[in-house]
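Novice: Sharing a structure here in structure tokens format.
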Amino acid sequence: MMADLVDTAGQATFDSRGNAPEGRFRNRTAAFVWGFAAVFAAAVVAISVLYFLRDVEAAGSSEVIRILLALFWLGCFVFVRFACRQSVTEIRVEPGTLEIDLIFPFRRRTRMVPQTNVAAVGVVDSFDSDGHPYYYARVRLIDGTALDFYESHNESTCQAEVERFKQCLNQ
């Protein structure tokens, strides 16, 4: 594990997960999905351009290839749309309030919530796509909003983040 980053005054600014000691929590899982969608979209564009520049006039050019390209474009559109709806979640716990930022690829929504609106904080058990245990550190607000501020295959790290969140709430 990386050591905490320290500023010139010797104060810790961010830990190895990018969380500030004073109560900043970030779940950046969506950023990976954004990057993967961008790479996939670039590959579909590159394949399409190569096909239309090189093979479209070829004698053996098949309608099957064009149908497959259309299916790739449809899949690309659906995947990019899905990715753009995923948000990086950042929660800053400040005295009396939570500042919640939902960061999307092309916009950002900020919401200030009183700490009294926190209904529950805990670890949620789940399974990943391979069937392995997967855990979410989740805060639930009284309006029903659920925010995952950390996620991992390791239950103890999620529990540690939940405890850190609770400590920040109690300060």
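By convention here, the chains of the structure tokens are called A, B, ... in the order presented, each chain's residues are numbered starting at 1, and ligands are numbered starting at 1 in the order presented.
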Just the residues within 10 Å of Gly96 of chain A, please, counting only C-alpha atoms, with nothing from its chain fewer than 5 positions along; format it as a ChimeraX atom specification.
Specialist: /A:113-116,169-171
Novice: Quick one: write out the picked residues with N, CA and C atoms as a PDB file, in the first residue's frame?
Specialist:
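Listed below is the output, out19.pdb:
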ATOM      1  N   VAL A 113     -26.645  18.005   1.643  1.00  0.00           N
ATOM      2  CA  VAL A 113     -27.625  17.275   2.441  1.00  0.00           C
ATOM      3  C   VAL A 113     -27.239  17.424   3.915  1.00  0.00           C
ATOM      4  N   PRO A 114     -28.198  17.758   4.777  1.00  0.00           N
ATOM      5  CA  PRO A 114     -27.883  17.773   6.209  1.00  0.00           C
ATOM      6  C   PRO A 114     -27.525  16.370   6.700  1.00  0.00           C
ATOM      7  N   GLN A 115     -26.621  16.281   7.652  1.00  0.00           N
ATOM      8  CA  GLN A 115     -26.231  14.966   8.179  1.00  0.00           C
ATOM      9  C   GLN A 115     -27.409  14.234   8.794  1.00  0.00           C
ATOM     10  N   THR A 116     -28.422  14.975   9.222  1.00  0.00           N
ATOM     11  CA  THR A 116     -29.597  14.331   9.809  1.00  0.00           C
ATOM     12  C   THR A 116     -30.396  13.541   8.773  1.00  0.00           C
ATOM     13  N   LEU A 169     -18.908  11.455  10.426  1.00  0.00           N
ATOM     14  CA  LEU A 169     -20.248  11.935  10.761  1.00  0.00           C
ATOM     15  C   LEU A 169     -20.334  12.360  12.224  1.00  0.00           C
ATOM     16  N   ASN A 170     -19.626  11.672  13.105  1.00  0.00           N
ATOM     17  CA  ASN A 170     -19.705  11.946  14.536  1.00  0.00           C
ATOM     18  C   ASN A 170     -18.825  13.090  14.996  1.00  0.00           C
ATOM     19  N   GLN A 171     -18.042  13.661  14.119  1.00  0.00           N
ATOM     20  CA  GLN A 171     -17.152  14.770  14.537  1.00  0.00           C
ATOM     21  C   GLN A 171     -17.891  16.080  14.555  1.00  0.00           C
TER      22      GLN A 171
END
Novice: Could you name the residues that touch Phe127 of chain A at 12 Å or less, counting only C-alpha atoms, but leaving out those on the same chain fewer than 2 positions away, as a PyMOL selection string?
Specialist: chain A and resi 124-125+129-136+151-155
Novice: Which neighbours of segment 164-166 of chain A fall inside 8 Å, counting only C-alpha atoms, when residues of the same chain fewer than 3 positions from it are skipped, and could you give them as a PyMOL selection string?
Specialist: chain A and resi 23+93+121+160-161+169-170
Novice: Can you tell me, as a ChimeraX atom specification, which residues in chain A count as helix (DSSP H, G or I) by DSSP?
Specialist: /A:29-55,63-84,115-117,155-170
Novice: Of the candidates A:Ile103, A:Ala41, A:Val162, A:Ala119, which shows the shortest atom-to-atom distance to Gly75 of chain A, using only C-alpha atoms?
Specialist: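 Of A:Ile103, A:Ala41, A:Val162, A:Ala119, the one nearest Gly75 of chain A, counting only C-alpha atoms, is A:Ala41.
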Novice: As a PyMOL selection string, which residues of chain A does DSSP assign to strand (DSSP E)?
Specialist: chain A and resi 5-6+12-14+24-27+88-94+97-104+107-114+118-127+133-141+146-152
Novice: For a quick check of understanding, using only C-alpha atoms, which of A:Val139, A:Val78, A:Ala42, A:Leu71 has the smallest distance to Ile100 of chain A?
Specialist: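 Nearest candidate to Ile100 of chain A out of A:Val139, A:Val78, A:Ala42, A:Leu71: A:Val139.
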Novice: At what distance in Å, to one decimal, does atom CA of Gln86 of chain A lie from atom CA of Leu68 of chain A?
Specialist: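 We find that atom CA of Leu68 of chain A and atom CA of Gln86 of chain A lie 27.2 Å from each other.
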Novice: Could you name the residues that touch Thr89 of chain A at 8 Å or less, counting only C-alpha atoms, but leaving out those on the same chain fewer than 3 positions away, as a ChimeraX atom specification?
Specialist: /A:25-28,100-103,147-149
Novice: Using C-alpha atoms, can you write the selected residues to a file as a PDB file, in the first residue's frame?
Specialist:
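The new file again.pdb reads:
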ATOM      1  CA  PHE A  25     -14.860   9.711  -0.014  1.00  0.00           C
ATOM      2  CA  ARG A  26     -14.620   8.845  -3.719  1.00  0.00           C
ATOM      3  CA  ASN A  27     -15.847   5.907  -5.740  1.00  0.00           C
ATOM      4  CA  ARG A  28     -14.148   6.106  -9.128  1.00  0.00           C
ATOM      5  CA  ILE A 100     -22.470  14.953  -2.628  1.00  0.00           C
ATOM      6  CA  ASP A 101     -21.015  15.242  -6.127  1.00  0.00           C
ATOM      7  CA  LEU A 102     -22.174  12.907  -8.869  1.00  0.00           C
ATOM      8  CA  ILE A 103     -19.700  13.348 -11.707  1.00  0.00           C
ATOM      9  CA  LEU A 147     -24.737   6.157  -2.645  1.00  0.00           C
ATOM     10  CA  ASP A 148     -21.870   3.687  -2.911  1.00  0.00           C
ATOM     11  CA  PHE A 149     -18.779   5.548  -1.714  1.00  0.00           C
TER      12      PHE A 149
END
Novice: Between A:Tyr150, A:Phe104, A:Phe82, A:Phe72, single out the one closest to Ala43 of chain A, counting only C-alpha atoms.
Specialist: A:Phe72
Novice: Rank A:Ser126, A:Ser87, A:Thr29, A:Ser156 by their smallest atom-to-atom distance to Arg108 of chain A, using only C-alpha atoms, and report the top residue only.
Specialist: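 When distances to Arg108 of chain A are compared using only C-alpha atoms, the smallest one comes from A:Ser87.
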Novice: Could you check the closest approach to Glu163 of chain A for each of A:Ala137, A:Met112, A:Leu74, A:Val39 and tell me which residue wins, using only C-alpha atoms?
Specialist: A:Ala137
Novice: Could you check how far atom CA of Ala38 of chain A sits from atom CA of Leu50 of chain A, in Å to one decimal?
Specialist: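 Atom CA of Leu50 of chain A lies at a distance of 18.2 Å from atom CA of Ala38 of chain A.
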Novice: For a quick check of understanding, using only C-alpha atoms, which of A:Arg85, A:Leu69, A:Val64, A:Phe52 has the smallest distance to Val33 of chain A?
Specialist: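 That would be A:Arg85, the residue with the smallest distance to Val33 of chain A.
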